[in-house]
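Chemist: Got a file for you: entry_31.txt, compact mmCIF, C-alpha atoms.
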# COMPACT_ATOMS: atom_id res chain seq x y z
CA MET A 243 -28.13 -24.60 -0.21
CA THR A 244 -30.74 -22.12 1.01
CA PRO A 245 -29.16 -18.76 1.75
CA ARG A 246 -30.80 -16.24 4.03
CA LEU A 247 -30.03 -12.64 4.89
CA ALA A 248 -28.47 -12.07 8.26
CA ARG A 249 -30.91 -10.58 10.74
CA ARG A 250 -28.64 -7.58 11.12
CA THR A 251 -29.19 -6.42 7.51
CA ARG A 252 -32.01 -4.56 5.78
CA LEU A 253 -32.70 -3.85 2.11
CA LYS A 254 -33.83 -0.30 1.37
CA TRP A 255 -34.51 1.91 -1.62
CA ASP A 256 -32.49 5.15 -1.67
CA GLU A 257 -34.81 7.58 -3.41
CA ALA A 258 -32.27 10.43 -3.70
CA ARG A 259 -29.59 8.27 -5.30
CA ARG A 260 -32.00 5.98 -7.17
CA VAL A 261 -30.27 2.82 -5.92
CA THR A 262 -31.05 -0.05 -3.57
CA VAL A 263 -28.83 -0.28 -0.53
CA LEU A 264 -28.15 -3.13 1.87
CA LEU A 265 -27.93 -1.67 5.35
CA TYR A 266 -25.89 -3.37 8.05
CA PRO A 267 -24.60 -2.13 11.41
CA GLU A 268 -22.81 1.19 10.88
CA GLY A 269 -22.62 0.84 7.10
CA LEU A 270 -24.24 0.10 3.78
CA LEU A 271 -23.55 -1.48 0.40
CA VAL A 272 -24.78 0.29 -2.72
CA LEU A 273 -26.22 -2.44 -4.93
CA THR A 274 -26.29 -2.72 -8.69
CA PRO A 275 -29.70 -3.58 -10.16
CA GLU A 276 -28.34 -7.09 -10.86
CA ALA A 277 -27.20 -7.62 -7.26
CA THR A 278 -30.55 -6.28 -6.04
CA GLU A 279 -32.40 -8.89 -8.09
CA VAL A 280 -30.35 -11.61 -6.41
CA ILE A 281 -30.58 -10.29 -2.86
CA GLU A 282 -34.34 -9.69 -3.11
CA ARG A 283 -34.68 -13.42 -3.66
CA ILE A 284 -32.51 -14.45 -0.71
CA ASP A 285 -35.34 -15.15 1.71
CA GLY A 286 -34.41 -18.35 3.49
CA ALA A 287 -37.02 -20.22 1.44
CA ARG A 288 -35.61 -20.27 -2.10
CA THR A 289 -32.59 -22.48 -2.70
CA LEU A 290 -29.59 -21.08 -4.55
CA ASP A 291 -30.55 -23.18 -7.57
CA ALA A 292 -34.09 -21.85 -7.50
CA ILE A 293 -32.76 -18.29 -7.47
CA VAL A 294 -30.58 -19.05 -10.50
CA ASP A 295 -33.57 -20.65 -12.26
CA GLU A 296 -35.74 -17.60 -11.68
CA LEU A 297 -33.09 -15.17 -12.88
CA ALA A 298 -32.31 -17.31 -15.92
CA ALA A 299 -36.00 -17.30 -16.81
CA ALA A 300 -36.17 -13.54 -16.38
CA HIS A 301 -33.03 -12.91 -18.46
CA VAL A 302 -33.11 -15.33 -21.37
CA GLU A 303 -30.54 -13.15 -23.15
CA VAL A 304 -27.86 -14.07 -20.57
CA PRO A 305 -26.29 -17.57 -20.61
CA ARG A 306 -27.43 -19.58 -17.59
CA GLU A 307 -23.84 -20.44 -16.62
CA THR A 308 -23.00 -16.73 -16.42
CA ILE A 309 -25.93 -16.12 -14.07
CA ASP A 310 -25.04 -19.21 -12.04
CA ARG A 311 -21.43 -18.04 -11.63
CA ASP A 312 -22.38 -14.45 -10.76
CA VAL A 313 -25.00 -15.47 -8.19
CA ARG A 314 -22.63 -17.88 -6.44
CA ASP A 315 -19.85 -15.30 -6.47
CA LEU A 316 -22.11 -12.64 -4.94
CA VAL A 317 -23.48 -14.97 -2.26
CA GLU A 318 -19.96 -16.05 -1.36
CA ARG A 319 -18.80 -12.47 -0.97
CA LEU A 320 -21.81 -11.55 1.14
CA ALA A 321 -21.28 -14.64 3.30
CA ALA A 322 -17.63 -13.71 3.89
CA ARG A 323 -18.81 -10.45 5.52
CA GLY A 324 -21.51 -12.30 7.45
CA PHE A 325 -24.37 -10.56 5.61
CA VAL A 326 -25.72 -13.82 4.22
CA ALA A 327 -25.84 -17.13 6.05
CA THR A 328 -25.54 -20.25 3.94
CA GLU A 329 -26.06 -22.73 6.77
CA PRO A 330 -29.21 -23.44 8.74
CA PRO A 331 -29.55 -21.35 11.93
CA MET B 116 -26.27 20.79 -8.59
CA SER B 117 -28.54 19.82 -5.77
CA VAL B 118 -26.97 18.39 -2.64
CA LEU B 119 -27.52 14.69 -1.98
CA PRO B 120 -28.79 13.96 1.54
CA PRO B 121 -26.49 12.46 4.16
CA THR B 122 -26.65 8.70 4.62
CA ALA B 123 -26.13 8.87 8.37
CA LEU B 124 -27.14 11.04 11.29
CA LEU B 125 -24.96 10.91 14.38
CA ALA B 126 -27.06 12.06 17.32
CA GLU B 127 -24.86 12.83 20.31
CA LEU B 128 -27.62 12.81 22.89
CA THR B 129 -25.51 13.95 25.82
CA TYR B 130 -21.89 14.67 26.62
CA ARG B 131 -22.37 13.34 30.14
CA CYS B 132 -20.58 10.05 30.78
CA PRO B 133 -19.87 7.94 33.85
CA LEU B 134 -16.54 6.84 32.33
CA ARG B 135 -13.42 9.00 32.42
CA CYS B 136 -11.35 7.64 29.50
CA GLY B 137 -8.35 9.79 28.68
CA TYR B 138 -8.79 9.31 24.92
CA CYS B 139 -12.33 10.68 24.80
CA SER B 140 -12.94 12.72 21.65
CA ASN B 141 -15.68 14.86 23.23
CA PRO B 142 -14.68 18.48 23.76
CA THR B 143 -13.01 18.97 27.14
CA ASP B 144 -15.17 22.09 27.65
CA TRP B 145 -18.32 20.07 26.91
CA ARG B 146 -20.32 21.69 29.71
CA ARG B 147 -20.75 24.87 27.65
CA PHE B 148 -22.91 22.97 25.11
CA ALA B 149 -26.08 23.23 27.18
CA PRO B 150 -28.91 22.74 27.74
CA GLU B 151 -29.50 19.35 26.15
CA LEU B 152 -32.30 19.03 23.59
CA ASP B 153 -35.64 17.93 24.99
CA PRO B 154 -37.21 14.59 23.98
CA ALA B 155 -39.74 16.12 21.56
CA THR B 156 -37.01 17.92 19.61
CA TRP B 157 -34.91 14.78 19.27
CA GLU B 158 -37.95 12.89 18.02
CA ARG B 159 -38.62 15.61 15.46
CA VAL B 160 -34.96 15.58 14.33
CA VAL B 161 -34.82 11.82 13.71
CA THR B 162 -38.18 11.94 11.94
CA GLU B 163 -36.86 14.68 9.66
CA ALA B 164 -33.75 12.59 9.03
CA GLY B 165 -35.83 9.68 7.79
CA ALA B 166 -37.89 11.97 5.56
CA MET B 167 -34.80 13.50 3.92
CA GLY B 168 -33.38 10.10 2.98
CA VAL B 169 -30.95 9.30 5.80
CA HIS B 170 -30.43 5.53 6.34
CA HIS B 171 -28.47 5.20 9.56
CA LEU B 172 -29.12 6.71 12.95
CA HIS B 173 -26.17 6.51 15.35
CA LEU B 174 -27.16 7.29 18.92
CA SER B 175 -24.09 8.22 20.85
CA GLY B 176 -22.64 10.69 23.34
CA GLY B 177 -21.22 10.81 26.00
CA GLU B 178 -23.28 7.96 27.32
CA PRO B 179 -26.71 7.83 25.60
CA LEU B 180 -28.07 5.47 28.29
CA LEU B 181 -28.11 8.48 30.62
CA ARG B 182 -31.07 9.82 28.62
CA ASP B 183 -34.34 8.48 30.05
CA ASP B 184 -35.99 9.10 26.69
CA LEU B 185 -33.56 6.90 24.75
CA GLU B 186 -36.23 4.27 24.01
CA ASP B 187 -38.56 6.95 22.58
CA ILE B 188 -35.80 8.30 20.32
CA VAL B 189 -35.02 4.75 19.14
CA ALA B 190 -38.69 4.15 18.36
CA ALA B 191 -38.99 7.45 16.48
CA GLY B 192 -35.92 6.54 14.44
CA ARG B 193 -37.26 3.12 13.60
CA ASP B 194 -40.66 4.59 12.68
CA ALA B 195 -38.83 6.95 10.31
CA GLY B 196 -37.30 3.94 8.52
CA LEU B 197 -33.81 4.37 9.97
CA PHE B 198 -31.39 1.58 10.86
CA VAL B 199 -30.82 2.31 14.54
CA ASN B 200 -27.34 1.90 16.03
CA LEU B 201 -26.66 2.54 19.70
CA ILE B 202 -23.07 3.40 20.58
CA THR B 203 -22.55 2.93 24.27
CA SER B 204 -20.28 1.97 27.14
CA ALA B 205 -23.18 -0.37 28.11
CA TRP B 206 -22.60 0.68 31.68
CA GLY B 207 -25.33 1.68 34.09
CA ALA B 208 -28.41 0.18 32.41
CA PRO B 209 -30.63 -2.13 34.46
CA PRO B 210 -30.70 -5.59 32.82
CA GLU B 211 -34.29 -5.27 31.56
CA ARG B 212 -33.48 -2.09 29.68
CA TRP B 213 -31.76 -4.01 26.84
CA GLN B 214 -34.98 -5.83 26.00
CA ARG B 215 -36.86 -2.53 26.12
CA LEU B 216 -34.40 -1.04 23.62
CA ALA B 217 -34.80 -4.05 21.34
CA ASP B 218 -38.58 -3.79 21.58
CA ALA B 219 -38.37 -0.09 20.71
CA GLY B 220 -36.63 -1.08 17.47
CA CYS B 221 -32.91 -0.79 18.13
CA ASP B 222 -31.11 -2.84 15.44
CA HIS B 223 -27.58 -2.85 16.69
CA VAL B 224 -25.58 -2.04 19.79
CA GLN B 225 -21.92 -1.14 19.71
CA VAL B 226 -20.32 -1.73 23.10
CA SER B 227 -16.94 -0.21 23.91
CA PHE B 228 -14.32 -2.29 25.67
CA GLN B 229 -11.31 -0.59 27.24
CA ASP B 230 -9.24 -3.74 27.61
CA VAL B 231 -9.67 -7.50 27.90
CA ASP B 232 -9.40 -7.83 31.68
CA ALA B 233 -11.13 -5.93 34.45
CA ALA B 234 -8.04 -4.46 36.11
CA ARG B 235 -6.65 -2.86 32.98
CA ALA B 236 -10.04 -1.88 31.54
CA ASP B 237 -11.20 -0.23 34.76
CA ALA B 238 -7.91 1.66 35.00
CA ILE B 239 -8.53 3.22 31.57
CA ALA B 240 -12.19 3.97 32.32
CA GLY B 241 -11.26 5.45 35.68
CA THR B 242 -14.09 3.52 37.32
CA THR B 243 -15.34 -0.07 37.73
CA VAL B 244 -17.04 -1.02 34.48
CA HIS B 245 -15.65 -4.13 32.82
CA ALA B 246 -17.64 -6.89 34.53
CA GLN B 247 -20.93 -5.11 33.94
CA LYS B 248 -20.08 -4.56 30.26
CA LEU B 249 -19.60 -8.31 29.77
CA THR B 250 -23.03 -8.97 31.23
CA ALA B 251 -24.63 -6.19 29.21
CA ALA B 252 -23.11 -7.42 25.93
CA ARG B 253 -24.64 -10.85 26.50
CA LEU B 254 -28.02 -9.25 27.26
CA VAL B 255 -27.80 -7.33 23.98
CA ARG B 256 -27.46 -10.62 22.11
CA ALA B 257 -30.14 -12.31 24.18
CA ALA B 258 -32.53 -9.47 23.30
CA GLY B 259 -31.94 -10.20 19.61
CA MET B 260 -29.94 -7.12 18.65
CA ALA B 261 -26.75 -7.20 16.61
CA LEU B 262 -23.64 -6.66 18.71
CA SER B 263 -20.39 -4.91 17.84
CA VAL B 264 -17.38 -4.66 20.08
CA ASN B 265 -15.61 -1.35 19.76
CA VAL B 266 -12.05 -0.89 20.94
CA VAL B 267 -10.01 2.28 21.04
CA LEU B 268 -6.44 1.16 20.63
CA HIS B 269 -3.48 3.02 22.13
CA ARG B 270 -0.01 2.20 23.32
CA ALA B 271 -1.06 0.22 26.39
CA ASN B 272 -3.48 -2.17 24.61
CA THR B 273 -2.41 -2.31 20.94
CA GLY B 274 -0.54 -5.52 21.65
CA ARG B 275 -3.78 -7.33 22.55
CA VAL B 276 -5.60 -7.32 19.20
CA ARG B 277 -5.93 -11.12 19.25
CA ASP B 278 -7.34 -11.08 22.79
CA PHE B 279 -9.89 -8.44 21.86
CA ILE B 280 -11.04 -10.54 18.91
CA ALA B 281 -11.31 -13.60 21.17
CA LEU B 282 -13.40 -11.50 23.59
CA ALA B 283 -15.74 -10.46 20.76
CA GLU B 284 -16.11 -14.10 19.71
CA SER B 285 -16.90 -15.20 23.25
CA LEU B 286 -19.65 -12.58 23.47
CA GLY B 287 -21.27 -13.68 20.21
CA ALA B 288 -20.53 -10.33 18.52
CA GLU B 289 -20.95 -10.06 14.77
CA ARG B 290 -18.51 -7.23 14.35
CA ILE B 291 -15.43 -5.81 16.02
CA GLU B 292 -13.99 -2.43 15.30
CA LEU B 293 -10.41 -1.82 16.33
CA ALA B 294 -9.38 1.78 15.83
CA THR B 295 -6.39 3.64 17.15
CA ALA B 296 -7.28 6.77 19.12
CA GLN B 297 -7.77 9.93 17.12
CA TYR B 298 -6.16 12.93 18.74
CA HIS B 299 -9.12 15.16 19.49
CA GLY B 300 -10.54 16.31 22.85
CA SER B 301 -8.84 14.63 25.80
CA ALA B 302 -6.80 12.46 23.43
CA LEU B 303 -4.96 15.50 22.09
CA THR B 304 -3.69 16.30 25.60
CA ASN B 305 -2.74 12.68 26.19
CA ARG B 306 -1.30 11.93 22.78
CA ALA B 307 2.29 11.33 23.94
CA GLU B 308 0.95 8.67 26.33
CA LEU B 309 -1.45 7.16 23.79
CA LEU B 310 0.68 7.03 20.63
CA PRO B 311 1.79 3.53 19.75
CA THR B 312 5.09 2.83 18.05
CA GLN B 313 5.38 1.82 14.41
CA ALA B 314 6.50 -1.67 15.46
CA MET B 315 3.40 -2.10 17.66
CA LEU B 316 1.15 -1.05 14.80
CA ASP B 317 2.79 -3.38 12.30
CA GLU B 318 2.28 -6.26 14.69
CA ALA B 319 -1.33 -5.28 15.43
CA LEU B 320 -2.15 -5.01 11.72
CA ALA B 321 -0.62 -8.41 11.00
CA ALA B 322 -2.59 -9.95 13.89
CA ALA B 323 -5.85 -8.36 12.69
CA ARG B 324 -5.30 -9.67 9.14
CA GLU B 325 -4.61 -13.21 10.32
CA GLU B 326 -7.56 -13.24 12.68
CA ARG B 327 -9.87 -11.80 10.03
CA GLU B 328 -9.26 -14.89 7.90
CA ARG B 329 -9.77 -17.21 10.87
CA VAL B 330 -13.15 -15.77 11.88
CA LYS B 331 -14.38 -14.95 8.35
CA GLY B 332 -18.15 -15.23 7.93
CA ARG B 333 -18.74 -15.24 11.70
CA LEU B 334 -17.14 -12.04 12.88
CA ASP B 335 -16.46 -8.99 10.74
CA VAL B 336 -13.07 -7.58 11.79
CA ILE B 337 -12.55 -3.90 11.05
CA TYR B 338 -9.09 -2.62 11.78
CA VAL B 339 -8.51 1.07 11.17
CA MET B 340 -4.92 2.13 10.63
CA PRO B 341 -4.25 5.44 12.37
CA ASP B 342 -3.75 8.32 9.94
CA TRP B 343 -0.64 9.47 11.80
CA PHE B 344 1.15 6.43 10.42
CA THR B 345 -0.28 5.90 6.96
CA ASP B 346 1.26 8.94 5.15
CA VAL B 347 -2.15 9.68 3.64
CA PRO B 348 -4.91 11.41 5.60
CA LYS B 349 -8.10 9.64 6.58
CA PRO B 350 -11.12 10.54 4.40
CA CYS B 351 -12.62 12.24 7.42
CA MET B 352 -16.41 11.74 7.53
CA ASP B 353 -16.08 10.58 3.90
CA GLY B 354 -15.86 14.24 2.94
CA TRP B 355 -17.24 17.32 4.70
CA GLY B 356 -21.02 17.65 4.31
CA ARG B 357 -21.16 14.59 2.09
CA ARG B 358 -22.47 11.56 3.99
CA PHE B 359 -22.59 12.44 7.69
CA MET B 360 -24.45 14.92 9.75
CA THR B 361 -23.92 15.29 13.49
CA VAL B 362 -26.22 16.90 16.00
CA ILE B 363 -24.55 17.54 19.35
CA PRO B 364 -26.35 17.61 22.72
CA ASP B 365 -27.33 21.30 22.57
CA GLY B 366 -28.81 20.92 19.08
CA THR B 367 -25.98 22.40 17.04
CA ALA B 368 -25.79 20.63 13.66
CA LEU B 369 -22.27 19.88 12.48
CA PRO B 370 -20.56 18.20 9.53
CA CYS B 371 -18.46 16.24 12.06
CA PRO B 372 -18.53 15.80 15.84
CA GLY B 373 -15.48 18.01 16.35
CA ALA B 374 -16.35 20.90 14.03
CA HIS B 375 -17.56 23.20 16.84
CA GLY B 376 -13.88 23.73 17.66
CA LEU B 377 -13.17 25.37 14.29
CA PRO B 378 -12.85 29.19 14.11
CA GLY B 379 -15.15 31.47 12.15
CA MET B 380 -18.09 29.09 11.97
CA ALA B 381 -21.70 29.86 12.86
CA PHE B 382 -23.42 26.49 12.74
CA ASP B 383 -27.20 26.29 12.76
CA ASN B 384 -29.16 24.75 15.60
CA VAL B 385 -31.97 22.25 15.04
CA ARG B 386 -34.07 24.18 17.56
CA GLU B 387 -34.37 26.97 15.00
CA LYS B 388 -34.16 25.28 11.63
CA GLY B 389 -35.13 22.04 9.90
CA LEU B 390 -32.52 19.38 9.29
CA ARG B 391 -32.84 19.44 5.51
CA ALA B 392 -32.51 23.23 5.30
CA ILE B 393 -29.41 23.12 7.49
CA TRP B 394 -27.84 20.43 5.30
CA GLU B 395 -28.68 22.00 1.97
CA GLU B 396 -28.40 25.72 2.76
CA GLY B 397 -26.05 25.98 5.75
CA ALA B 398 -23.01 28.07 4.77
CA ASP B 399 -20.71 26.07 7.01
CA PHE B 400 -21.88 22.73 5.60
CA ALA B 401 -20.92 24.11 2.17
CA ARG B 402 -17.60 25.57 3.33
CA PHE B 403 -15.44 22.46 2.82
CA ARG B 404 -17.86 20.40 0.74
CA GLY B 405 -16.46 18.83 -2.42
CA THR B 406 -13.10 20.00 -3.80
CA GLU B 407 -13.64 23.67 -4.74
CA TRP B 408 -12.34 24.99 -1.42
CA MET B 409 -9.03 23.18 -1.72
CA ARG B 410 -5.62 24.76 -2.18
CA GLU B 411 -2.42 23.05 -3.23
CA PRO B 412 -1.23 20.38 -2.70
CA CYS B 413 -4.82 19.03 -2.42
CA ARG B 414 -6.28 20.88 -5.39
CA SER B 415 -4.34 18.99 -8.06
CA CYS B 416 -3.89 15.78 -6.05
CA GLU B 417 -5.18 12.58 -7.63
CA ARG B 418 -6.53 11.56 -4.21
CA ARG B 419 -8.64 14.71 -3.71
CA GLU B 420 -11.87 12.76 -4.09
CA VAL B 421 -10.53 9.81 -2.11
CA ASP B 422 -9.57 11.52 1.13
CA TYR B 423 -11.18 14.97 0.58
CA GLY B 424 -8.19 16.76 2.07
CA GLY B 425 -8.37 14.78 5.32
CA CYS B 426 -9.64 16.10 8.62
CA ARG B 427 -10.45 19.82 9.00
CA CYS B 428 -10.30 19.63 12.79
CA GLN B 429 -6.87 18.01 12.74
CA ALA B 430 -5.66 20.57 10.18
CA PHE B 431 -6.78 23.37 12.49
CA ALA B 432 -5.45 21.76 15.67
CA LEU B 433 -1.99 21.23 14.19
CA THR B 434 -1.57 24.21 11.83
CA GLY B 435 -4.04 26.84 13.06
CA ASP B 436 -5.73 26.88 9.63
CA PRO B 437 -8.86 24.76 9.07
CA ALA B 438 -8.44 25.03 5.26
CA ALA B 439 -4.89 23.64 5.30
CA THR B 440 -4.01 20.19 3.99
CA ASP B 441 -4.28 17.70 6.85
CA PRO B 442 -0.71 17.36 8.23
CA ALA B 443 -1.24 13.58 8.35
CA CYS B 444 -0.61 13.71 4.58
CA VAL B 445 3.00 13.24 3.57
CA LYS B 446 2.48 16.00 0.96
CA SER B 447 1.51 18.58 3.59
CA PRO B 448 4.14 21.24 4.26
CA ASP B 449 3.27 20.72 7.95
CA HIS B 450 3.83 16.97 7.97
CA GLY B 451 6.87 17.49 10.24
CA VAL B 452 4.45 18.06 13.15
CA ILE B 453 3.27 14.45 12.79
CA ARG B 454 6.78 13.08 12.37
CA SER B 455 8.06 14.77 15.51
CA ALA B 456 4.97 13.78 17.56
CA ARG B 457 5.49 10.16 16.52
CA ALA B 458 9.07 10.36 17.74
CA VAL B 459 7.96 11.26 21.28
CA VAL B 460 7.27 8.10 23.23
CA ARG B 461 7.37 8.66 26.96
CA GLY B 462 8.78 5.95 29.14
CA ASP B 463 6.23 6.12 31.92
CA PRO B 464 2.78 6.85 30.54
CA THR B 465 0.43 8.77 32.78
CA ILE B 466 -2.88 9.36 31.06
CA VAL B 467 -4.89 12.31 32.31
CA TYR B 468 -8.52 11.39 32.91
CA ARG B 469 -11.24 13.17 30.96
CA ALA B 470 -12.87 14.41 34.17
CA ASP B 471 -9.65 16.15 35.21
CA LEU B 472 -9.39 17.81 31.81
CA THR B 473 -12.99 18.98 32.13
CA ARG B 474 -12.15 20.56 35.47
CA ARG B 475 -9.14 22.32 33.94
CA ALA B 476 -11.29 23.58 31.07
CA ARG B 477 -13.68 25.15 33.59
CA GLY B 478 -10.71 26.88 35.29
Please re-express this file's structure in structure tokens.

Modeler:
Amino acid sequence: MTPRLARRTRLKWDEARRVTVLLYPEGLLVLTPEATEVIERIDGARTLDAIVDELAAAHVEVPRETIDRDVRDLVERLAARGFVATEPP
Amino acid sequence: MSVLPPTALLAELTYRCPLRCGYCSNPTDWRRFAPELDPATWERVVTEAGAMGVHHLHLSGGEPLLRDDLEDIVAAGRDAGLFVNLITSAWGAPPERWQRLADAGCDHVQVSFQDVDAARADAIAGTTVHAQKLTAARLVRAAGMALSVNVVLHRANTGRVRDFIALAESLGAERIELATAQYHGSALTNRAELLPTQAMLDEALAAAREERERVKGRLDVIYVMPDWFTDVPKPCMDGWGRRFMTVIPDGTALPCPGAHGLPGMAFDNVREKGLRAIWEEGADFARFRGTEWMREPCRSCERREVDYGGCRCQAFALTGDPAATDPACVKSPDHGVIRSARAVVRGDPTIVYRADLTRRARG
């Protein structure tokens, strides 16, 4: 599966609050640093497995299965709101 | 502590509107907020918003399409790094204008629908609009912008939640917002005609929940329960002077679109002062910010940082005191006002059009 961000969303750094936000029509999600690392990699080119691989390599202190579970859970929740598409356009 | 910037700027570009909806929240004496800001000032305001850390620009009114400079304001907002939302009736724009707005950088268009069929929708709008809205909504999608369908629910259409969601699906919308009328402006006059019954609301909520599951991932369904029925007040604007800043057509900067109706306020105007200075230093932005201003029962309430005391405009409209607890709250000593208003359901609703209320306001 190759997730991609819906066209109606935009990632942005909030300088005043020192957080990354995901903007969507009329609203925004305040992202944790962990969620930001995942969403930054959702580009329609990397597969879900590739994203997990990259994050596992970057965080050797965290068990791979934990990262795998958290990434899938996040992508599923974003897809339920329509912010991430998991199927080809 | 320094004040965090707002996350959203609501720019009410004009109060003029070709529609005459009887639930309009604009002030009925809107003509006194004149003249409208010129294009250069609006461009400066949205540029300042981007620089101070605002994320969302909501271009609304009235009908923002009546401003010839709308595309320039959109472009300035996009240049300033803002996510640009246009909130419109979608009526009156030539077909090619939607592509121009998309090219200028508009991200998202929220189109209002009064009902699901032309006869009923046009009766609410007081003019012929529905067919052209359908066409416009499709042009919004064709131009590559995100589309939301916005519905103001009231007694006459609350039973058609499922039909509204089907309409949004058929238009390729990504989002539908179903919100029961708030009783400000014309809606306050018409509230006995607009108020739904508890049974209608229960049914509408159940329908929205079911449909939300059905369309999950394709269409985001937002159903807003009216505060007159929830026993807790709405967290109006997410707290006064906390996340939202509104600039109305004449340039007055407000913590919420209705705040100009509150007594004893002297709001700044963007013609004379920068946006950041107004937000950070304006005495009236500080007046109800946070929880310090609260009295009982808000002051010791465990929800004080959830609903921030509710809506100041509603508190003033129903109690005469803008610092009172919002009567929508079951803990308010004035909650009886809400209970008795809910009990009044007239048999033969006759909604007064906004234009007629405007005429009355002029005397």

Chemist: Would you tabulate, counting all atoms listed in the file, all residues of chain A that have an atom at most 12 Å from an atom of chain B, showing the closest pair of atoms and their distance in Å to one decimal, sorted by chain then ascending number, as JSON lines?

Modeler:
{"residue": "A:Ala248", "atom": "CA", "partner": "B:Ala261", "partner_atom": "CA", "distance": 9.8}
{"residue": "A:Arg249", "atom": "CA", "partner": "B:Ala261", "partner_atom": "CA", "distance": 7.9}
{"residue": "A:Arg250", "atom": "CA", "partner": "B:Ala261", "partner_atom": "CA", "distance": 5.8}
{"residue": "A:Thr251", "atom": "CA", "partner": "B:Asp222", "partner_atom": "CA", "distance": 8.9}
{"residue": "A:Arg252", "atom": "CA", "partner": "B:Phe198", "partner_atom": "CA", "distance": 8.0}
{"residue": "A:Leu253", "atom": "CA", "partner": "B:Phe198", "partner_atom": "CA", "distance": 10.4}
{"residue": "A:Lys254", "atom": "CA", "partner": "B:His170", "partner_atom": "CA", "distance": 8.4}
{"residue": "A:Trp255", "atom": "CA", "partner": "B:Gly168", "partner_atom": "CA", "distance": 9.5}
{"residue": "A:Asp256", "atom": "CA", "partner": "B:Gly168", "partner_atom": "CA", "distance": 6.8}
{"residue": "A:Glu257", "atom": "CA", "partner": "B:Gly168", "partner_atom": "CA", "distance": 7.0}
{"residue": "A:Ala258", "atom": "CA", "partner": "B:Leu119", "partner_atom": "CA", "distance": 6.6}
{"residue": "A:Arg259", "atom": "CA", "partner": "B:Leu119", "partner_atom": "CA", "distance": 7.5}
{"residue": "A:Arg260", "atom": "CA", "partner": "B:Gly168", "partner_atom": "CA", "distance": 11.0}
{"residue": "A:Val261", "atom": "CA", "partner": "B:Gly168", "partner_atom": "CA", "distance": 11.9}
{"residue": "A:Thr262", "atom": "CA", "partner": "B:His170", "partner_atom": "CA", "distance": 11.4}
{"residue": "A:Val263", "atom": "CA", "partner": "B:His170", "partner_atom": "CA", "distance": 9.1}
{"residue": "A:Leu264", "atom": "CA", "partner": "B:His170", "partner_atom": "CA", "distance": 10.0}
{"residue": "A:Leu265", "atom": "CA", "partner": "B:Phe198", "partner_atom": "CA", "distance": 7.3}
{"residue": "A:Tyr266", "atom": "CA", "partner": "B:Phe198", "partner_atom": "CA", "distance": 7.9}
{"residue": "A:Pro267", "atom": "CA", "partner": "B:His223", "partner_atom": "CA", "distance": 6.1}
{"residue": "A:Glu268", "atom": "CA", "partner": "B:Asn200", "partner_atom": "CA", "distance": 6.9}
{"residue": "A:Gly269", "atom": "CA", "partner": "B:His171", "partner_atom": "CA", "distance": 7.7}
{"residue": "A:Leu270", "atom": "CA", "partner": "B:His170", "partner_atom": "CA", "distance": 8.6}
{"residue": "A:Leu271", "atom": "CA", "partner": "B:Thr122", "partner_atom": "CA", "distance": 11.4}
{"residue": "A:Val272", "atom": "CA", "partner": "B:Thr122", "partner_atom": "CA", "distance": 11.3}
{"residue": "A:Val317", "atom": "CA", "partner": "B:Gly332", "partner_atom": "CA", "distance": 11.5}
{"residue": "A:Glu318", "atom": "CA", "partner": "B:Gly332", "partner_atom": "CA", "distance": 9.5}
{"residue": "A:Arg319", "atom": "CA", "partner": "B:Gly332", "partner_atom": "CA", "distance": 9.3}
{"residue": "A:Leu320", "atom": "CA", "partner": "B:Gly332", "partner_atom": "CA", "distance": 8.5}
{"residue": "A:Ala321", "atom": "CA", "partner": "B:Gly332", "partner_atom": "CA", "distance": 5.6}
{"residue": "A:Ala322", "atom": "CA", "partner": "B:Gly332", "partner_atom": "CA", "distance": 4.3}
{"residue": "A:Arg323", "atom": "CA", "partner": "B:Gly332", "partner_atom": "CA", "distance": 5.4}
{"residue": "A:Gly324", "atom": "CA", "partner": "B:Gly332", "partner_atom": "CA", "distance": 4.5}
{"residue": "A:Phe325", "atom": "CA", "partner": "B:Gly332", "partner_atom": "CA", "distance": 8.1}
{"residue": "A:Val326", "atom": "CA", "partner": "B:Gly332", "partner_atom": "CA", "distance": 8.5}
{"residue": "A:Ala327", "atom": "CA", "partner": "B:Gly332", "partner_atom": "CA", "distance": 8.1}
{"residue": "A:Thr328", "atom": "CA", "partner": "B:Gly332", "partner_atom": "CA", "distance": 9.8}
{"residue": "A:Glu329", "atom": "CA", "partner": "B:Gly332", "partner_atom": "CA", "distance": 11.0}

Chemist: So which residues touch Leu290 of chain A within 8 Å, counting only C-alpha atoms, skipping near sequence neighbours fewer than 6 positions away, as a ChimeraX atom specification?

Modeler: /A:243-245,314

Chemist: Could you please take those selected residues and save C-alpha atoms as a CSV table (one decimal), keeping the file's coordinate frame?

Modeler:
chain,number,residue,atom,x,y,z
A,243,MET,CA,-28.1,-24.6,-0.2
A,244,THR,CA,-30.7,-22.1,1.0
A,245,PRO,CA,-29.2,-18.8,1.8
A,314,ARG,CA,-22.6,-17.9,-6.4

Chemist: Neighbours of segment 233-235 of chain B within 6 Å (only C-alpha atoms; same-chain residues fewer than 2 positions away dropped), as a list in words?

Modeler: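 Returned residues: Asp237, Ala238 and His245 of chain B.
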
Chemist: What is the atom CA of Glu158 of chain B to atom CA of Met360 of chain B distance in Å?

Modeler: 16.0 Å

Chemist: What does the distance between atom CA of Ile284 of chain A and atom CA of Val264 of chain B come to in Å, to one decimal place?

Modeler: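 So the two atoms, atom CA of Ile284 of chain A and atom CA of Val264 of chain B, lie 27.5 Å apart.
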
Chemist: Extract segment 445-449 of chain B from the preceding block and save C-alpha atoms as a CSV table (one decimal), in the first residue's frame.

Modeler:
chain,number,residue,atom,x,y,z
B,445,VAL,CA,-27.8,24.0,32.6
B,446,LYS,CA,-25.9,25.6,35.5
B,447,SER,CA,-26.8,29.1,34.5
B,448,PRO,CA,-29.4,30.9,36.7
B,449,ASP,CA,-30.9,32.1,33.5
